[in-house]
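For reference, entry_22.pdb (PDB, C-alpha atoms):
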MODEL        1
ATOM      1  CA  MET N 675      16.782  83.777 200.345
ATOM      2  CA  SER N 676      17.747  85.921 197.363
ATOM      3  CA  ILE N 677      19.432  85.360 194.017
ATOM      4  CA  GLY N 678      21.288  88.075 192.102
ATOM      5  CA  VAL N 679      22.144  88.178 188.401
ATOM      6  CA  VAL N 680      24.801  90.606 187.192
ATOM      7  CA  MET N 681      24.142  91.814 183.649
ATOM      8  CA  VAL N 682      27.540  91.755 181.947
ATOM      9  CA  GLY N 683      28.075  93.907 178.874
ATOM     10  CA  LYS N 684      26.471  96.956 177.340
ATOM     11  CA  LEU N 685      23.812  97.968 174.852
ATOM     12  CA  ALA N 686      24.258 100.341 171.962
ATOM     13  CA  VAL N 687      21.013 101.881 170.734
ATOM     14  CA  HIS N 688      21.269 103.693 167.405
ATOM     15  CA  LEU N 689      18.658 106.322 166.511
ATOM     16  CA  GLY N 690      18.685 106.297 162.727
ATOM     17  CA  ASP N 691      16.620 109.476 162.329
ATOM     18  CA  HIS N 692      19.083 111.475 164.423
ATOM     19  CA  GLY N 693      22.403 109.781 163.663
ATOM     20  CA  GLU N 694      23.036 109.210 167.361
ATOM     21  CA  THR N 695      24.201 106.104 169.202
ATOM     22  CA  TYR N 696      23.606 105.715 172.933
ATOM     23  CA  GLU N 697      25.725 103.268 174.893
ATOM     24  CA  LEU N 698      24.314 102.030 178.181
ATOM     25  CA  SER N 699      25.146  99.489 180.835
ATOM     26  CA  LEU N 700      22.533  97.291 182.511
ATOM     27  CA  PRO N 701      21.271  97.007 186.103
ATOM     28  CA  SER N 702      21.513  93.792 188.060
ATOM     29  CA  ALA N 703      18.383  91.720 188.697
ATOM     30  CA  TYR N 704      17.468  90.257 192.059
ATOM     31  CA  ALA N 705      14.934  87.578 192.961
ATOM     32  CA  ARG N 706      13.913  88.022 196.599
ATOM     33  CA  SER N 707      12.202  85.697 199.092
ATOM     34  CA  ILE N 708      12.293  82.815 196.625
ATOM     35  CA  LEU N 709      11.281  80.273 199.277
ATOM     36  CA  THR N 710       8.180  82.182 200.438
ATOM     37  CA  TYR N 711       6.538  84.943 198.377
ATOM     38  CA  PRO N 712       9.025  85.707 195.600
ATOM     39  CA  TRP N 713       9.362  89.096 193.945
ATOM     40  CA  VAL N 714      11.881  90.665 191.573
ATOM     41  CA  GLU N 715      13.672  94.001 191.610
ATOM     42  CA  LEU N 716      16.455  95.793 189.756
ATOM     43  CA  GLY N 717      19.483  97.349 191.431
ATOM     44  CA  ASP N 718      22.829  99.115 190.870
ATOM     45  CA  LYS N 719      23.994 102.170 188.968
ATOM     46  CA  ILE N 720      24.141 102.346 185.188
ATOM     47  CA  SER N 721      25.440 104.931 182.746
ATOM     48  CA  ILE N 722      24.111 106.206 179.421
ATOM     49  CA  SER N 723      26.264 108.221 177.042
ATOM     50  CA  CYS N 724      26.182 109.529 173.478
ATOM     51  CA  SER N 725      29.504 110.271 171.778
ATOM     52  CA  GLU N 726      27.841 112.289 168.995
ATOM     53  CA  THR N 727      26.144 114.806 171.307
ATOM     54  CA  GLY N 728      28.299 114.560 174.439
ATOM     55  CA  TYR N 729      25.231 114.095 176.651
ATOM     56  CA  SER N 730      25.260 111.519 179.428
ATOM     57  CA  ALA N 731      23.135 110.222 182.290
ATOM     58  CA  ALA N 732      23.794 108.404 185.541
ATOM     59  CA  VAL N 733      20.856 106.213 186.590
ATOM     60  CA  THR N 734      20.443 104.489 189.939
ATOM     61  CA  PHE N 735      18.052 101.577 190.455
ATOM     62  CA  HIS N 736      17.413 101.514 194.205
ATOM     63  CA  THR N 737      16.861  98.192 195.924
ATOM     64  CA  LYS N 738      14.240  98.055 198.647
ATOM     65  CA  PRO N 739      15.625  98.345 202.199
ATOM     66  CA  PHE N 740      15.058  95.388 204.499
ATOM     67  CA  TYR N 741      12.654  97.472 206.588
ATOM     68  CA  GLY N 742      10.340 100.008 204.976
ATOM     69  CA  GLY N 743      11.064 101.823 201.763
ATOM     70  CA  LYS N 744       9.532 101.490 198.302
ATOM     71  CA  LEU N 745      10.016  98.995 195.506
ATOM     72  CA  HIS N 746      11.407  99.798 192.054
ATOM     73  CA  ARG N 747      12.673 103.335 192.798
ATOM     74  CA  VAL N 748      14.813 105.036 190.172
ATOM     75  CA  THR N 749      16.738 108.319 190.260
ATOM     76  CA  ALA N 750      18.848 109.854 187.527
ATOM     77  CA  GLU N 751      20.813 112.937 186.495
ATOM     78  CA  VAL N 752      21.337 114.039 182.895
ATOM     79  CA  LYS N 753      24.381 116.149 181.992
ATOM     80  CA  ASN N 754      25.231 118.205 178.912
ATOM     81  CA  PRO N 755      28.664 118.231 177.190
ATOM     82  CA  GLU N 756      29.833 120.912 179.661
ATOM     83  CA  ASN N 757      29.093 118.471 182.510
ATOM     84  CA  ASN N 758      26.240 120.587 183.843
ATOM     85  CA  ILE N 759      23.125 118.855 185.230
ATOM     86  CA  ILE N 760      20.230 119.759 182.945
ATOM     87  CA  CYS N 761      17.640 117.318 184.254
ATOM     88  CA  LYS N 762      16.898 115.264 187.358
ATOM     89  CA  VAL N 763      14.618 112.223 187.285
ATOM     90  CA  ASN N 764      12.799 110.499 190.109
ATOM     91  CA  GLY N 765      10.206 107.743 190.049
ATOM     92  CA  GLU N 766       9.537 104.029 189.766
ATOM     93  CA  TRP N 767      10.586 102.121 186.651
ATOM     94  CA  ASN N 768       7.265 100.252 186.408
ATOM     95  CA  SER N 769       5.001 103.200 187.272
ATOM     96  CA  TYR N 770       6.039 106.800 186.555
ATOM     97  CA  PHE N 771       8.962 109.206 186.095
ATOM     98  CA  ASP N 772       9.085 112.849 187.216
ATOM     99  CA  PHE N 773      11.473 115.034 185.192
ATOM    100  CA  GLN N 774      12.771 118.302 186.667
ATOM    101  CA  TYR N 775      14.668 120.455 184.181
ATOM    102  CA  ALA N 776      17.263 123.090 184.990
ATOM    103  CA  ASN N 777      15.138 125.783 183.317
ATOM    104  CA  GLY N 778      12.313 125.123 185.781
ATOM    105  CA  ASP N 779      10.118 122.961 183.562
ATOM    106  CA  ASN N 780       8.607 119.764 184.950
ATOM    107  CA  LYS N 781       7.201 116.710 183.227
ATOM    108  CA  THR N 782       5.679 113.424 184.369
ATOM    109  CA  VAL N 783       5.676 110.279 182.247
ATOM    110  CA  LYS N 784       3.380 107.436 183.261
ATOM    111  CA  VAL N 785       4.771 104.100 182.152
ATOM    112  CA  ALA N 786       1.300 102.571 181.761
ATOM    113  CA  ASN N 787       0.484 105.168 179.077
ATOM    114  CA  LEU N 788       3.468 104.327 176.880
ATOM    115  CA  ASP N 789       3.015 102.249 173.753
ATOM    116  CA  ILE N 790       3.941  98.607 174.286
ATOM    117  CA  MET N 791       5.762  96.678 171.576
ATOM    118  CA  ARG N 792       5.078  93.031 172.252
ATOM    119  CA  LYS N 793       7.821  90.612 171.371
ATOM    120  CA  GLY N 794       7.017  87.849 168.945
ATOM    121  CA  VAL N 795       7.804  84.304 170.077
ATOM    122  CA  ARG N 796       7.411  81.246 167.881
ATOM    123  CA  PRO N 797       5.475  78.261 169.240
ATOM    124  CA  ILE N 798       7.779  75.870 171.095
ATOM    125  CA  ASN N 799       7.338  73.125 168.494
ATOM    126  CA  ASN N 800       8.744  75.536 165.885
ATOM    127  CA  GLN N 801      11.775  76.501 167.962
ATOM    128  CA  ALA N 802      15.282  75.094 167.644
ATOM    129  CA  ASP N 803      16.493  72.729 170.363
ATOM    130  CA  PHE N 804      18.638  75.340 172.101
ATOM    131  CA  GLU N 805      16.175  78.222 172.120
ATOM    132  CA  SER N 806      15.517  79.211 175.725
ATOM    133  CA  ARG N 807      11.792  78.538 175.970
ATOM    134  CA  LYS N 808      12.105  75.107 174.414
ATOM    135  CA  LEU N 809      15.245  74.193 176.311
ATOM    136  CA  TRP N 810      13.785  75.171 179.691
ATOM    137  CA  GLN N 811      10.157  74.205 179.038
ATOM    138  CA  HIS N 812      10.098  71.305 181.516
ATOM    139  CA  VAL N 813      11.542  73.504 184.274
ATOM    140  CA  THR N 814       9.017  76.232 183.472
ATOM    141  CA  ASN N 815       6.052  73.856 183.376
ATOM    142  CA  ALA N 816       7.009  72.308 186.700
ATOM    143  CA  LEU N 817       7.373  75.703 188.378
ATOM    144  CA  MET N 818       4.014  76.839 187.027
ATOM    145  CA  VAL N 819       2.291  74.026 188.924
ATOM    146  CA  GLY N 820       4.456  74.453 192.018
ATOM    147  CA  ASP N 821       6.476  71.246 191.539
ATOM    148  CA  VAL N 822       9.870  72.478 192.714
ATOM    149  CA  GLU N 823      11.364  68.968 192.949
ATOM    150  CA  THR N 824      10.694  68.151 189.277
ATOM    151  CA  ALA N 825      11.880  71.605 188.222
ATOM    152  CA  THR N 826      15.135  71.087 190.129
ATOM    153  CA  GLU N 827      15.687  67.693 188.478
ATOM    154  CA  HIS N 828      15.254  69.106 184.967
ATOM    155  CA  LYS N 829      17.415  72.121 185.826
ATOM    156  CA  LYS N 830      20.223  69.801 186.973
ATOM    157  CA  ILE N 831      19.996  67.786 183.749
ATOM    158  CA  LEU N 832      20.395  70.956 181.664
ATOM    159  CA  GLU N 833      23.249  72.305 183.744
ATOM    160  CA  ASP N 834      25.117  68.978 183.714
ATOM    161  CA  ARG N 835      24.743  68.872 179.925
ATOM    162  CA  GLN N 836      26.133  72.404 179.650
ATOM    163  CA  ARG N 837      29.103  71.578 181.881
ATOM    164  CA  GLU N 838      29.865  68.443 179.860
ATOM    165  CA  GLY N 839      29.761  70.470 176.644
ATOM    166  CA  GLU N 840      32.131  73.042 178.097
ATOM    167  CA  ARG N 841      34.582  70.329 179.204
ATOM    168  CA  HIS N 842      34.478  68.743 175.742
ATOM    169  CA  ARG N 843      35.190  72.082 174.037
ATOM    170  CA  LYS N 844      38.050  72.765 176.425
ATOM    171  CA  ASP N 845      39.591  69.315 175.829
ATOM    172  CA  THR N 846      39.283  69.593 172.051
ATOM    173  CA  GLY N 847      40.255  73.258 171.798
ATOM    174  CA  THR N 848      37.008  74.185 170.067
ATOM    175  CA  SER N 849      34.676  77.117 170.683
ATOM    176  CA  PHE N 850      30.921  77.204 171.062
ATOM    177  CA  PRO N 851      29.292  77.477 167.607
ATOM    178  CA  THR N 852      27.531  80.839 167.865
ATOM    179  CA  LYS N 853      24.530  81.568 165.677
ATOM    180  CA  PHE N 854      23.587  85.219 166.152
ATOM    181  CA  PHE N 855      26.737  86.876 167.526
ATOM    182  CA  LYS N 856      30.350  87.150 166.418
ATOM    183  CA  LYS N 857      33.372  88.216 168.425
ATOM    184  CA  GLU N 858      35.245  91.362 167.410
ATOM    185  CA  GLY N 859      38.180  91.840 169.756
ATOM    186  CA  ASP N 860      36.773  91.665 173.269
ATOM    187  CA  THR N 861      33.238  92.489 172.113
ATOM    188  CA  TRP N 862      30.375  90.308 170.890
ATOM    189  CA  VAL N 863      28.440  91.908 168.030
ATOM    190  CA  TYR N 864      25.131  90.854 166.524
ATOM    191  CA  LYS N 865      25.786  89.293 163.104
ATOM    192  CA  ASN N 866      22.800  90.722 161.256
ATOM    193  CA  CYS N 867      22.714  94.366 162.327
ATOM    194  CA  LEU N 868      20.643  96.656 160.140
ATOM    195  CA  LYS N 869      22.381  99.506 158.375
ATOM    196  CA  LEU N 870      22.977 102.449 160.690
ATOM    197  CA  GLU N 871      20.886 104.801 158.589
ATOM    198  CA  GLN N 872      17.845 102.690 159.449
ATOM    199  CA  LYS N 873      16.001 102.682 162.753
ATOM    200  CA  THR N 874      17.627  99.940 164.766
ATOM    201  CA  ALA N 875      18.883  98.814 168.134
ATOM    202  CA  VAL N 876      22.329  97.188 168.102
ATOM    203  CA  ILE N 877      23.033  94.836 170.984
ATOM    204  CA  TYR N 878      26.503  93.788 172.021
ATOM    205  CA  SER N 879      28.314  92.582 175.092
ATOM    206  CA  ASP N 880      31.781  93.268 176.448
TER     207      ASP N 880
ENDMDL
END
Kindly return the structure encoded in the file as structure tokens.
Amino acid sequence: MSIGVVMVGKLAVHLGDHGETYELSLPSAYARSILTYPWVELGDKISISCSETGYSAAVTFHTKPFYGGKLHRVTAEVKNPENNIICKVNGEWNSYFDFQYANGDNKTVKVANLDIMRKGVRPINNQADFESRKLWQHVTNALMVGDVETATEHKKILEDRQREGERHRKDTGTSFPTKFFKKEGDTWVYKNCLKLEQKTAVIYSD
């Protein structure tokens, strides 16, 4: 049995030092063999583009075939403003990337050698009621000890509460009170974006 999650929306990453903004879509995530020995992979094609430079890339996250094949494969092509391929990429997103440039140069990047920026997460008792780790803590704790029945019960409680909230908002004509994002047209934009001249990553969703 498998479960797929489609990542709706896009990211916009702004490089303050270069004055460039890169817009990219997101791959889908798949949880495989969830009733036996579960594992996760990414799949689908995504695009990356920069309006300031005209450069773009098409990236494919390959899902593992049912028989044979490798996990986590990624291929990509990078094009210049004239739509010429200047670089081809092949590798595994959690291991390495081989870059082959049009001028004949080659480069290999090992993911394990890259600097890791750990995210900071507040202790659960300091989190607000609707922060993910606090909200789903009972489901998480049950899964960690292999108690699927208890996890399912807590999951149902959360989902029923969410459905009831959505019905109430629909009946009263109210919207969900967002905290970190605001809607601009058809796009959700982070409320507290840093100034573009600073190093920052701006996240939004279509």
Inset, instruction - I need the residue set behind the PyMOL selection byres ((chain N and resi 705-708) around 12) for this file; please write it as a PyMOL selection string. - result: chain N and resi 675-680+702-704+709-717+737-740+745+817+822
Legend entry - Picked residues, the PyMOL selection byres ((chain N and resi 758-761) around 9), expected as a list in words: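 Applied to this file, the PyMOL selection byres ((chain N and resi 758-761) around 9) selects Ala750, Glu751, Val752, Lys753, Asn754, Pro755, Glu756, Asn757, Lys762, Val763, Phe773, Gln774, Tyr775, Ala776 and Asn777 of chain N.
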I want to know what sits within 12 Å of N:Ile831, based on all atoms listed in the file, with residues of the same chain fewer than 5 positions away left out; could you give that as a compact mmCIF listing (two decimals) with C-alpha atoms, keeping the file's coordinate frame?
# COMPACT_ATOMS: atom_id res chain seq x y z
CA LEU N 809 15.24 74.19 176.31
CA TRP N 810 13.78 75.17 179.69
CA HIS N 812 10.10 71.31 181.52
CA VAL N 813 11.54 73.50 184.27
CA THR N 824 10.69 68.15 189.28
CA ALA N 825 11.88 71.60 188.22
CA THR N 826 15.14 71.09 190.13
CA GLN N 836 26.13 72.40 179.65
CA ARG N 837 29.10 71.58 181.88
CA GLU N 838 29.86 68.44 179.86
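We find atom CA of N:Leu788 and atom CA of N:Gly765 to be spaced 15.2 Å apart.
In this structure, atom CA of N:Leu698 sits 7.0 Å away from atom CA of N:Ile720.
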Ground truth for the PyMOL selection byres ((chain N and resi 734) around 7), written as a PDB file with C-alpha atoms, in the frame of the given file:
ATOM      1  CA  ASP N 718      22.829  99.115 190.870  1.00  0.00           C
ATOM      2  CA  LYS N 719      23.994 102.170 188.968  1.00  0.00           C
ATOM      3  CA  ILE N 720      24.141 102.346 185.188  1.00  0.00           C
ATOM      4  CA  ALA N 732      23.794 108.404 185.541  1.00  0.00           C
ATOM      5  CA  VAL N 733      20.856 106.213 186.590  1.00  0.00           C
ATOM      6  CA  PHE N 735      18.052 101.577 190.455  1.00  0.00           C
ATOM      7  CA  HIS N 736      17.413 101.514 194.205  1.00  0.00           C
ATOM      8  CA  VAL N 748      14.813 105.036 190.172  1.00  0.00           C
ATOM      9  CA  THR N 749      16.738 108.319 190.260  1.00  0.00           C
ATOM     10  CA  ALA N 750      18.848 109.854 187.527  1.00  0.00           C
TER      11      ALA N 750
END
